[in-house]
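Text of entry-v7.pdb, listed as PDB, C-alpha atoms and all ligand atoms:
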ATOM      1  CA  MET A   1      93.752  50.966  89.140  1.00  0.00           C
ATOM      2  CA  ALA A   2      95.652  51.309  85.865  1.00  0.00           C
ATOM      3  CA  LYS A   3      98.771  49.509  84.681  1.00  0.00           C
ATOM      4  CA  ILE A   4     101.440  52.184  84.090  1.00  0.00           C
ATOM      5  CA  GLY A   5     104.935  51.896  82.645  1.00  0.00           C
ATOM      6  CA  VAL A   6     107.426  54.517  83.826  1.00  0.00           C
ATOM      7  CA  PHE A   7     110.361  54.567  81.390  1.00  0.00           C
ATOM      8  CA  TYR A   8     113.261  56.945  81.965  1.00  0.00           C
ATOM      9  CA  GLY A   9     116.657  57.869  80.510  1.00  0.00           C
ATOM     10  CA  SER A  10     119.069  59.518  82.921  1.00  0.00           C
ATOM     11  CA  THR A  11     122.818  60.097  82.765  1.00  0.00           C
ATOM     12  CA  SER A  12     123.677  61.523  86.184  1.00  0.00           C
ATOM     13  CA  GLY A  13     120.707  60.170  88.103  1.00  0.00           C
ATOM     14  CA  HIS A  14     118.416  63.197  88.384  1.00  0.00           C
ATOM     15  CA  THR A  15     115.650  61.957  86.095  1.00  0.00           C
ATOM     16  CA  ALA A  16     116.114  58.478  87.601  1.00  0.00           C
ATOM     17  CA  LYS A  17     115.445  59.856  91.074  1.00  0.00           C
ATOM     18  CA  ALA A  18     112.367  61.705  89.816  1.00  0.00           C
ATOM     19  CA  ALA A  19     111.161  58.530  88.102  1.00  0.00           C
ATOM     20  CA  GLN A  20     111.492  56.682  91.396  1.00  0.00           C
ATOM     21  CA  THR A  21     109.449  59.284  93.294  1.00  0.00           C
ATOM     22  CA  ILE A  22     106.836  59.460  90.526  1.00  0.00           C
ATOM     23  CA  SER A  23     106.524  55.651  90.531  1.00  0.00           C
ATOM     24  CA  GLU A  24     106.100  55.521  94.290  1.00  0.00           C
ATOM     25  CA  LEU A  25     103.389  58.200  94.254  1.00  0.00           C
ATOM     26  CA  LEU A  26     101.507  56.713  91.290  1.00  0.00           C
ATOM     27  CA  GLY A  27     101.875  53.336  92.976  1.00  0.00           C
ATOM     28  CA  ALA A  28      99.378  54.375  95.641  1.00  0.00           C
ATOM     29  CA  ASN A  29      96.532  54.056  93.118  1.00  0.00           C
ATOM     30  CA  HIS A  30      98.023  52.126  90.200  1.00  0.00           C
ATOM     31  CA  GLU A  31     100.142  49.131  89.283  1.00  0.00           C
ATOM     32  CA  VAL A  32     103.448  50.741  88.273  1.00  0.00           C
ATOM     33  CA  THR A  33     106.504  49.233  86.573  1.00  0.00           C
ATOM     34  CA  ILE A  34     109.647  51.379  86.414  1.00  0.00           C
ATOM     35  CA  VAL A  35     112.197  50.746  83.644  1.00  0.00           C
ATOM     36  CA  ASN A  36     115.536  52.340  82.809  1.00  0.00           C
ATOM     37  CA  MET A  37     115.701  52.977  79.051  1.00  0.00           C
ATOM     38  CA  GLU A  38     119.184  51.437  78.959  1.00  0.00           C
ATOM     39  CA  ASP A  39     117.538  48.089  79.795  1.00  0.00           C
ATOM     40  CA  ILE A  40     114.853  47.925  77.100  1.00  0.00           C
ATOM     41  CA  SER A  41     115.119  45.631  74.080  1.00  0.00           C
ATOM     42  CA  SER A  42     113.085  47.753  71.681  1.00  0.00           C
ATOM     43  CA  ILE A  43     110.222  50.231  71.544  1.00  0.00           C
ATOM     44  CA  ASP A  44     107.886  47.229  71.885  1.00  0.00           C
ATOM     45  CA  ASP A  45     108.678  47.190  75.625  1.00  0.00           C
ATOM     46  CA  LEU A  46     106.908  50.558  75.916  1.00  0.00           C
ATOM     47  CA  LEU A  47     104.032  49.539  73.690  1.00  0.00           C
ATOM     48  CA  GLU A  48     102.991  46.842  76.175  1.00  0.00           C
ATOM     49  CA  TYR A  49     101.457  49.653  78.254  1.00  0.00           C
ATOM     50  CA  ASP A  50      98.405  51.795  77.486  1.00  0.00           C
ATOM     51  CA  ASN A  51      99.514  54.230  80.194  1.00  0.00           C
ATOM     52  CA  LEU A  52     103.031  55.608  80.138  1.00  0.00           C
ATOM     53  CA  ALA A  53     105.177  58.149  81.946  1.00  0.00           C
ATOM     54  CA  LEU A  54     108.259  58.853  79.822  1.00  0.00           C
ATOM     55  CA  GLY A  55     111.264  60.637  81.316  1.00  0.00           C
ATOM     56  CA  SER A  56     114.297  62.121  79.617  1.00  0.00           C
ATOM     57  CA  SER A  57     116.837  64.661  80.747  1.00  0.00           C
ATOM     58  CA  THR A  58     118.072  67.108  78.103  1.00  0.00           C
ATOM     59  CA  TRP A  59     121.621  66.984  76.675  1.00  0.00           C
ATOM     60  CA  GLY A  60     123.643  68.536  73.875  1.00  0.00           C
ATOM     61  CA  GLN A  61     121.576  71.484  72.786  1.00  0.00           C
ATOM     62  CA  GLY A  62     118.034  70.410  73.522  1.00  0.00           C
ATOM     63  CA  ASP A  63     118.592  66.726  72.703  1.00  0.00           C
ATOM     64  CA  LEU A  64     117.157  63.586  74.252  1.00  0.00           C
ATOM     65  CA  GLN A  65     119.189  61.674  76.823  1.00  0.00           C
ATOM     66  CA  ASN A  66     121.387  59.112  75.087  1.00  0.00           C
ATOM     67  CA  ASP A  67     119.405  55.966  75.927  1.00  0.00           C
ATOM     68  CA  TRP A  68     116.418  57.391  74.045  1.00  0.00           C
ATOM     69  CA  ARG A  69     118.281  57.687  70.760  1.00  0.00           C
ATOM     70  CA  ASP A  70     117.504  54.285  69.194  1.00  0.00           C
ATOM     71  CA  PRO A  71     113.985  53.939  70.674  1.00  0.00           C
ATOM     72  CA  TYR A  72     113.190  57.435  69.394  1.00  0.00           C
ATOM     73  CA  ALA A  73     114.111  56.370  65.872  1.00  0.00           C
ATOM     74  CA  GLU A  74     111.964  53.244  66.275  1.00  0.00           C
ATOM     75  CA  MET A  75     108.965  55.393  67.187  1.00  0.00           C
ATOM     76  CA  ASP A  76     108.508  56.237  63.522  1.00  0.00           C
ATOM     77  CA  GLU A  77     107.143  52.708  63.068  1.00  0.00           C
ATOM     78  CA  ALA A  78     105.261  52.548  66.391  1.00  0.00           C
ATOM     79  CA  ASP A  79     101.544  53.048  67.015  1.00  0.00           C
ATOM     80  CA  PHE A  80     100.796  55.099  70.134  1.00  0.00           C
ATOM     81  CA  SER A  81      97.096  55.569  69.399  1.00  0.00           C
ATOM     82  CA  GLY A  82      94.929  54.875  72.440  1.00  0.00           C
ATOM     83  CA  LYS A  83      97.869  55.499  74.758  1.00  0.00           C
ATOM     84  CA  THR A  84      97.895  58.078  77.533  1.00  0.00           C
ATOM     85  CA  VAL A  85     101.363  59.498  78.082  1.00  0.00           C
ATOM     86  CA  ALA A  86     102.854  61.886  80.647  1.00  0.00           C
ATOM     87  CA  LEU A  87     106.313  63.394  80.120  1.00  0.00           C
ATOM     88  CA  PHE A  88     108.967  64.448  82.621  1.00  0.00           C
ATOM     89  CA  GLY A  89     112.667  65.184  82.788  1.00  0.00           C
ATOM     90  CA  ALA A  90     115.545  67.105  84.312  1.00  0.00           C
ATOM     91  CA  GLY A  91     117.282  70.112  82.796  1.00  0.00           C
ATOM     92  CA  ASP A  92     119.388  73.108  83.736  1.00  0.00           C
ATOM     93  CA  SER A  93     117.423  76.350  83.432  1.00  0.00           C
ATOM     94  CA  ASP A  94     120.464  78.548  84.008  1.00  0.00           C
ATOM     95  CA  LYS A  95     123.475  77.175  82.131  1.00  0.00           C
ATOM     96  CA  HIS A  96     121.267  75.595  79.444  1.00  0.00           C
ATOM     97  CA  GLY A  97     118.407  78.077  79.649  1.00  0.00           C
ATOM     98  CA  GLU A  98     118.151  78.391  75.875  1.00  0.00           C
ATOM     99  CA  HIS A  99     117.100  74.760  75.554  1.00  0.00           C
ATOM    100  CA  PHE A 100     115.625  74.172  78.980  1.00  0.00           C
ATOM    101  CA  ALA A 101     114.113  70.674  79.259  1.00  0.00           C
ATOM    102  CA  SER A 102     113.665  70.635  75.484  1.00  0.00           C
ATOM    103  CA  ALA A 103     113.779  66.823  75.406  1.00  0.00           C
ATOM    104  CA  LEU A 104     110.176  66.849  76.631  1.00  0.00           C
ATOM    105  CA  GLY A 105     109.178  68.748  73.496  1.00  0.00           C
ATOM    106  CA  VAL A 106     111.120  66.373  71.260  1.00  0.00           C
ATOM    107  CA  LEU A 107     109.313  63.360  72.746  1.00  0.00           C
ATOM    108  CA  TYR A 108     105.997  65.194  72.693  1.00  0.00           C
ATOM    109  CA  ASP A 109     106.103  65.942  68.976  1.00  0.00           C
ATOM    110  CA  LYS A 110     106.969  62.366  68.111  1.00  0.00           C
ATOM    111  CA  ILE A 111     104.415  60.557  70.255  1.00  0.00           C
ATOM    112  CA  VAL A 112     101.617  62.955  69.317  1.00  0.00           C
ATOM    113  CA  GLN A 113     102.480  62.348  65.674  1.00  0.00           C
ATOM    114  CA  ARG A 114     102.242  58.610  66.408  1.00  0.00           C
ATOM    115  CA  GLY A 115      98.781  58.992  67.981  1.00  0.00           C
ATOM    116  CA  ALA A 116      99.335  59.387  71.730  1.00  0.00           C
ATOM    117  CA  LYS A 117      97.269  61.546  74.040  1.00  0.00           C
ATOM    118  CA  VAL A 118      99.598  63.567  76.261  1.00  0.00           C
ATOM    119  CA  VAL A 119      98.564  64.603  79.772  1.00  0.00           C
ATOM    120  CA  GLY A 120     100.278  66.583  82.525  1.00  0.00           C
ATOM    121  CA  GLU A 121     101.089  69.970  81.080  1.00  0.00           C
ATOM    122  CA  VAL A 122     102.710  72.364  83.554  1.00  0.00           C
ATOM    123  CA  ASN A 123     102.487  76.122  83.885  1.00  0.00           C
ATOM    124  CA  ALA A 124     105.868  77.653  82.969  1.00  0.00           C
ATOM    125  CA  GLU A 125     105.486  80.697  85.194  1.00  0.00           C
ATOM    126  CA  ASP A 126     107.197  78.922  88.087  1.00  0.00           C
ATOM    127  CA  TYR A 127     110.435  78.639  86.054  1.00  0.00           C
ATOM    128  CA  ARG A 128     113.125  81.060  84.863  1.00  0.00           C
ATOM    129  CA  PHE A 129     114.730  80.187  81.523  1.00  0.00           C
ATOM    130  CA  LYS A 130     115.273  81.718  78.084  1.00  0.00           C
ATOM    131  CA  SER A 131     113.592  79.264  75.758  1.00  0.00           C
ATOM    132  CA  SER A 132     112.507  75.657  75.448  1.00  0.00           C
ATOM    133  CA  LEU A 133     111.223  73.294  72.780  1.00  0.00           C
ATOM    134  CA  ALA A 134     108.918  71.889  75.461  1.00  0.00           C
ATOM    135  CA  LEU A 135     106.585  74.890  75.475  1.00  0.00           C
ATOM    136  CA  ARG A 136     103.153  74.794  73.846  1.00  0.00           C
ATOM    137  CA  GLY A 137     100.957  77.824  74.373  1.00  0.00           C
ATOM    138  CA  GLY A 138     103.033  79.043  77.317  1.00  0.00           C
ATOM    139  CA  LYS A 139     102.937  75.711  79.128  1.00  0.00           C
ATOM    140  CA  PHE A 140     105.401  72.869  79.384  1.00  0.00           C
ATOM    141  CA  VAL A 141     104.147  69.679  77.766  1.00  0.00           C
ATOM    142  CA  GLY A 142     105.224  67.805  80.894  1.00  0.00           C
ATOM    143  CA  LEU A 143     107.060  68.124  84.185  1.00  0.00           C
ATOM    144  CA  ALA A 144     110.441  69.864  84.015  1.00  0.00           C
ATOM    145  CA  ILE A 145     112.654  69.608  87.066  1.00  0.00           C
ATOM    146  CA  ASP A 146     115.930  71.407  87.731  1.00  0.00           C
ATOM    147  CA  GLU A 147     118.111  69.618  90.247  1.00  0.00           C
ATOM    148  CA  ILE A 148     121.041  71.939  89.526  1.00  0.00           C
ATOM    149  CA  ASN A 149     119.449  75.298  90.359  1.00  0.00           C
ATOM    150  CA  GLU A 150     116.168  74.556  92.113  1.00  0.00           C
ATOM    151  CA  PRO A 151     116.475  71.190  93.885  1.00  0.00           C
ATOM    152  CA  ASP A 152     114.324  72.483  96.724  1.00  0.00           C
ATOM    153  CA  LYS A 153     111.344  72.787  94.344  1.00  0.00           C
ATOM    154  CA  THR A 154     111.505  69.258  92.934  1.00  0.00           C
ATOM    155  CA  LYS A 155     109.502  67.410  95.571  1.00  0.00           C
ATOM    156  CA  THR A 156     106.606  69.911  95.476  1.00  0.00           C
ATOM    157  CA  ARG A 157     106.638  69.967  91.675  1.00  0.00           C
ATOM    158  CA  ILE A 158     106.515  66.172  91.436  1.00  0.00           C
ATOM    159  CA  GLU A 159     103.753  65.866  94.028  1.00  0.00           C
ATOM    160  CA  ALA A 160     101.547  68.474  92.322  1.00  0.00           C
ATOM    161  CA  TRP A 161     102.136  66.919  88.913  1.00  0.00           C
ATOM    162  CA  VAL A 162     101.374  63.354  90.001  1.00  0.00           C
ATOM    163  CA  LYS A 163      98.199  64.583  91.660  1.00  0.00           C
ATOM    164  CA  ALA A 164      97.181  66.231  88.377  1.00  0.00           C
ATOM    165  CA  ILE A 165      97.863  63.192  86.159  1.00  0.00           C
ATOM    166  CA  ASP A 166      96.775  60.421  88.527  1.00  0.00           C
ATOM    167  CA  GLY A 167      93.147  60.406  87.394  1.00  0.00           C
ATOM    168  CA  ALA A 168      94.023  60.539  83.683  1.00  0.00           C
ATOM    169  CA  PHE A 169      95.321  56.967  83.750  1.00  0.00           C
ATOM    170  CA  ALA A 170      92.612  54.351  83.423  1.00  0.00           C
TER
HETATM  171  C1  LIG A 201     126.994  68.811  78.049  1.00  0.00           C
HETATM  172  C2  LIG A 201     125.680  69.106  78.698  1.00  0.00           C
HETATM  173  C3  LIG A 201     124.621  69.554  77.905  1.00  0.00           C
HETATM  174  C4  LIG A 201     123.392  69.858  78.486  1.00  0.00           C
HETATM  175  N1  LIG A 201     122.369  70.363  77.718  1.00  0.00           N
HETATM  176  C5  LIG A 201     121.204  70.739  78.308  1.00  0.00           C
HETATM  177  C6  LIG A 201     120.157  71.341  77.531  1.00  0.00           C
HETATM  178  O1  LIG A 201     120.249  71.535  76.317  1.00  0.00           O
HETATM  179  N2  LIG A 201     119.018  71.703  78.185  1.00  0.00           N
HETATM  180  C7  LIG A 201     118.848  71.514  79.545  1.00  0.00           C
HETATM  181  O2  LIG A 201     117.794  71.872  80.077  1.00  0.00           O
HETATM  182  N3  LIG A 201     119.833  70.927  80.293  1.00  0.00           N
HETATM  183  C8  LIG A 201     120.989  70.554  79.715  1.00  0.00           C
HETATM  184  N4  LIG A 201     121.977  69.976  80.484  1.00  0.00           N
HETATM  185  C9  LIG A 201     121.745  69.757  81.914  1.00  0.00           C
HETATM  186  C10 LIG A 201     121.238  68.365  82.254  1.00  0.00           C
HETATM  187  O3  LIG A 201     120.006  68.091  81.634  1.00  0.00           O
HETATM  188  C11 LIG A 201     121.072  68.301  83.774  1.00  0.00           C
HETATM  189  O4  LIG A 201     122.343  68.207  84.346  1.00  0.00           O
HETATM  190  C12 LIG A 201     120.180  67.182  84.269  1.00  0.00           C
HETATM  191  O5  LIG A 201     120.000  67.299  85.644  1.00  0.00           O
HETATM  192  C13 LIG A 201     120.726  65.815  83.946  1.00  0.00           C
HETATM  193  O6  LIG A 201     119.744  64.877  84.325  1.00  0.00           O
HETATM  194  P1  LIG A 201     120.043  63.298  84.391  1.00  0.00           P
HETATM  195  O7  LIG A 201     120.952  63.084  85.564  1.00  0.00           O
HETATM  196  O8  LIG A 201     118.732  62.681  84.617  1.00  0.00           O
HETATM  197  O9  LIG A 201     120.657  62.895  83.098  1.00  0.00           O
HETATM  198  C14 LIG A 201     123.210  69.675  79.892  1.00  0.00           C
HETATM  199  C15 LIG A 201     124.280  69.199  80.665  1.00  0.00           C
HETATM  200  C16 LIG A 201     125.498  68.934  80.085  1.00  0.00           C
HETATM  201  C17 LIG A 201     126.633  68.465  80.969  1.00  0.00           C
END

For this file, produce the structure as C-alpha cells.
Ligand SMILES: Cc1cc2nc3c(=O)[nH]c(=O)nc-3n(C[C@H](O)[C@H](O)[C@H](O)COP(=O)(O)O)c2cc1C
Amino acid sequence: MAKIGVFYGSTSGHTAKAAQTISELLGANHEVTIVNMEDISSIDDLLEYDNLALGSSTWGQGDLQNDWRDPYAEMDEADFSGKTVALFGAGDSDKHGEHFASALGVLYDKIVQRGAKVVGEVNAEDYRFKSSLALRGGKFVGLAIDEINEPDKTKTRIEAWVKAIDGAFA
C-alpha cells in the first residue's frame, strides 16, 4: 500500500470528477488523499508525497488550468527526483483539437525536468484530434478524457488507466 496524493485543477468540474473516480479506484490498494489545487498553500504540499497523480484540464490554447499557474512557476525550484507521477486531465478534442489535453504535456516537461518518473502513458489511437503537446512517440503522457464529446468513454478509460498505474506506486 502506497501513500498517494491526487492533486487536480478543474474549472467546470470535469477533471474534478475524474480525480474523484481515480482516487476511489486507487483507494482499493493505496492510501489516497485528494486535493483541489485551489486549496494548496505552495508546491510543498505536493512534495510531501512520493507518489502523485496530477490532474489539469486544458485552457486558453494548450495552457494549464488556472489553479496550476503559481504552483507551476514554483516547480522550477522543486525537487521531484524519486517521485512517481501519473498525469490526467480533461480536454475538448473537437473544438480545441489543435491543443487537445496539452496541459498534460506542459506538466510532463516540467516534472521530468525536475527529476520525476512519469507513469501511465496512454495509446492515442482511441482519440480523434488534430494535435497535442501531450504526445510523446505517438502516446499521451497521461490520461486524457473528453467529457464534451466522448463522455461515454470516460469510465472505461479511467478504469483501464488506474489498472495500468496501480502497481507502479510503491
Ligand atoms: C476558452 C476555452 C479554452 C479551451 N482550450 C482548450 C484547449 O486548448 N485544449 C483542450 O483540449 N481543451 C480546451 N478547452 C476545453 C476544456 O478543457 C474542457 O471543457 C474541459 O472539460 C474542462 O475541464 P474542467 O471542468 O476540469 O476544467 C477549452 C475550453 C474553453 C472554454

Give me the box for ligand LIG 201 (chain A) as JSON, namely the centre and edge lengths in Å to one decimal of a box along x, y and z that holds every listed atom plus 3 Å on each side.
{"center_x": 122.4, "center_y": 67.3, "center_z": 81.0, "size_x": 15.2, "size_y": 15.2, "size_z": 15.3}

- Item | Site check for ligand LIG 201 (chain A): residues at most 6 Å away, only C-alpha atoms and all ligand atoms, as a VMD selection string | chain A and resid 10 to 16 57 to 62 90 to 93 96 99 to 101 147

Keeping only C-alpha atoms, write the selected residues to a file as a tab-separated table (two decimals), in the frame of the given file.
chain	number	residue	atom	x	y	z
A	10	SER	CA	119.07	59.52	82.92
A	11	THR	CA	122.82	60.10	82.76
A	12	SER	CA	123.68	61.52	86.18
A	13	GLY	CA	120.71	60.17	88.10
A	14	HIS	CA	118.42	63.20	88.38
A	15	THR	CA	115.65	61.96	86.10
A	16	ALA	CA	116.11	58.48	87.60
A	57	SER	CA	116.84	64.66	80.75
A	58	THR	CA	118.07	67.11	78.10
A	59	TRP	CA	121.62	66.98	76.68
A	60	GLY	CA	123.64	68.54	73.88
A	61	GLN	CA	121.58	71.48	72.79
A	62	GLY	CA	118.03	70.41	73.52
A	90	ALA	CA	115.54	67.10	84.31
A	91	GLY	CA	117.28	70.11	82.80
A	92	ASP	CA	119.39	73.11	83.74
A	93	SER	CA	117.42	76.35	83.43
A	96	HIS	CA	121.27	75.60	79.44
A	99	HIS	CA	117.10	74.76	75.55
A	100	PHE	CA	115.62	74.17	78.98
A	101	ALA	CA	114.11	70.67	79.26
A	147	GLU	CA	118.11	69.62	90.25

What's around stretch 42-55 of chain A at 7 Å? Count only C-alpha atoms, leave out sequence neighbours fewer than 3 positions away in its own chain, and write the answer as a short mmCIF file (atom, residue, chain, number, x, y, z; two decimals) with C-alpha atoms, keeping the file's coordinate frame.
data_model
loop_
_atom_site.label_atom_id
_atom_site.label_comp_id
_atom_site.auth_asym_id
_atom_site.auth_seq_id
_atom_site.Cartn_x
_atom_site.Cartn_y
_atom_site.Cartn_z
CA LYS A 3 98.77 49.51 84.68
CA ILE A 4 101.44 52.18 84.09
CA GLY A 5 104.94 51.90 82.64
CA VAL A 6 107.43 54.52 83.83
CA PHE A 7 110.36 54.57 81.39
CA TYR A 8 113.26 56.94 81.96
CA GLY A 9 116.66 57.87 80.51
CA THR A 15 115.65 61.96 86.10
CA PRO A 71 113.98 53.94 70.67
CA GLU A 74 111.96 53.24 66.28
CA MET A 75 108.96 55.39 67.19
CA GLY A 82 94.93 54.88 72.44
CA LYS A 83 97.87 55.50 74.76
CA THR A 84 97.90 58.08 77.53
CA VAL A 85 101.36 59.50 78.08
CA ALA A 86 102.85 61.89 80.65
CA LEU A 87 106.31 63.39 80.12
CA PHE A 88 108.97 64.45 82.62
CA GLY A 89 112.67 65.18 82.79
CA PHE A 169 95.32 56.97 83.75
#

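The spacing separating atom CA of A:Glu150 from atom CA of A:Asp39 amounts to 29.2 Å.
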
- Item | Output of the PyMOL selection byres (((chain A and resi 105) around 7) and not hetatm), listed as a ChimeraX atom specification | /A:102-104,106-109,133-135,141

- Message: I'd like the interatomic distance between atom CA of A:Val118 and atom CA of A:Lys95, to a tenth of an Å.
- Response: 28.1 Å

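Shortest atom-to-atom contact with A:Leu25 among A:Ala124, A:Lys130, A:Trp161, A:Asp79: A:Trp161, counting only C-alpha atoms.
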
- Query: If you measure from atom CA of A:Glu125 to atom CA of A:Ala18, what distance in Å do you get, rounded to one decimal?
  - Reply: 20.7 Å

- Point out the residue among A:Arg114, A:Arg128, A:Arg69, A:Lys155 with the least atom-to-atom distance to A:Gln20, counting all atoms listed in the file. A:Lys155

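For the set A:Lys153, A:Asn36, A:Glu121, A:Ala170, the residue with the smallest atom-to-atom gap to A:Asp67 is A:Asn36, counting all atoms listed in the file.
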
- Taking (101.1, 78.1, 84.1) in the file's coordinates as the center, which residues reach within 12 Å of it, counting only C-alpha atoms, put as a VMD selection string? chain A and resid 120 to 127 135 to 143

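Between A:Met1 and the residues A:Ala168, A:Ile111, A:Ile145, A:Val119, the shortest atom-to-atom distance, using all atoms listed in the file, involves A:Ala168.
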
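With only C-alpha atoms as the basis for measurement, A:Gln65 is the residue among A:Asn149, A:Gln65, A:Ser131, A:Thr156 that approaches A:Met37 most closely.
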
- Message: Since I can't run it myself right now, could you work out what the PyMOL selection byres (((chain A and resi 31) around 8) and not hetatm) selects here and report it as number ranges by chain?
- Response: A: 1-4, 26-27, 29-30, 32-33

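Here the question is which of A:Ser56, A:Ile34, A:Gly115, A:Asp63 gets nearest to A:Ile22 using all atoms listed in the file, and that residue is A:Ile34.
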
Is there a way to complete stretch 90-102 of chain A with N, CA and C atoms and then write that out as a PDB file, keeping the file's coordinate frame?
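Output (part_27.pdb):
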ATOM      1  N   ALA A  90     114.687  66.102  83.684  1.00  0.00           N
ATOM      2  CA  ALA A  90     115.545  67.105  84.312  1.00  0.00           C
ATOM      3  C   ALA A  90     116.264  67.954  83.270  1.00  0.00           C
ATOM      4  N   GLY A  91     116.496  69.202  83.633  1.00  0.00           N
ATOM      5  CA  GLY A  91     117.282  70.112  82.796  1.00  0.00           C
ATOM      6  C   GLY A  91     118.006  71.108  83.672  1.00  0.00           C
ATOM      7  N   ASP A  92     118.647  72.058  83.031  1.00  0.00           N
ATOM      8  CA  ASP A  92     119.388  73.108  83.736  1.00  0.00           C
ATOM      9  C   ASP A  92     118.925  74.456  83.177  1.00  0.00           C
ATOM     10  N   SER A  93     118.073  75.137  83.940  1.00  0.00           N
ATOM     11  CA  SER A  93     117.423  76.350  83.432  1.00  0.00           C
ATOM     12  C   SER A  93     118.356  77.552  83.385  1.00  0.00           C
ATOM     13  N   ASP A  94     119.518  77.436  84.000  1.00  0.00           N
ATOM     14  CA  ASP A  94     120.464  78.548  84.008  1.00  0.00           C
ATOM     15  C   ASP A  94     121.522  78.367  82.913  1.00  0.00           C
ATOM     16  N   LYS A  95     122.383  77.391  83.092  1.00  0.00           N
ATOM     17  CA  LYS A  95     123.475  77.175  82.131  1.00  0.00           C
ATOM     18  C   LYS A  95     122.963  76.767  80.752  1.00  0.00           C
ATOM     19  N   HIS A  96     121.842  76.046  80.722  1.00  0.00           N
ATOM     20  CA  HIS A  96     121.267  75.595  79.444  1.00  0.00           C
ATOM     21  C   HIS A  96     119.864  76.165  79.241  1.00  0.00           C
ATOM     22  N   GLY A  97     119.716  77.422  79.672  1.00  0.00           N
ATOM     23  CA  GLY A  97     118.407  78.077  79.649  1.00  0.00           C
ATOM     24  C   GLY A  97     117.857  78.347  78.265  1.00  0.00           C
ATOM     25  N   GLU A  98     118.673  78.189  77.238  1.00  0.00           N
ATOM     26  CA  GLU A  98     118.151  78.391  75.875  1.00  0.00           C
ATOM     27  C   GLU A  98     117.483  77.149  75.314  1.00  0.00           C
ATOM     28  N   HIS A  99     117.712  76.022  76.001  1.00  0.00           N
ATOM     29  CA  HIS A  99     117.100  74.760  75.554  1.00  0.00           C
ATOM     30  C   HIS A  99     116.511  74.036  76.749  1.00  0.00           C
ATOM     31  N   PHE A 100     115.996  74.794  77.711  1.00  0.00           N
ATOM     32  CA  PHE A 100     115.625  74.172  78.980  1.00  0.00           C
ATOM     33  C   PHE A 100     114.594  73.042  78.803  1.00  0.00           C
ATOM     34  N   ALA A 101     114.995  71.864  79.266  1.00  0.00           N
ATOM     35  CA  ALA A 101     114.113  70.674  79.259  1.00  0.00           C
ATOM     36  C   ALA A 101     113.495  70.409  77.887  1.00  0.00           C
ATOM     37  N   SER A 102     114.213  70.767  76.841  1.00  0.00           N
ATOM     38  CA  SER A 102     113.665  70.635  75.484  1.00  0.00           C
ATOM     39  C   SER A 102     113.367  69.193  75.083  1.00  0.00           C
TER      40      SER A 102
END
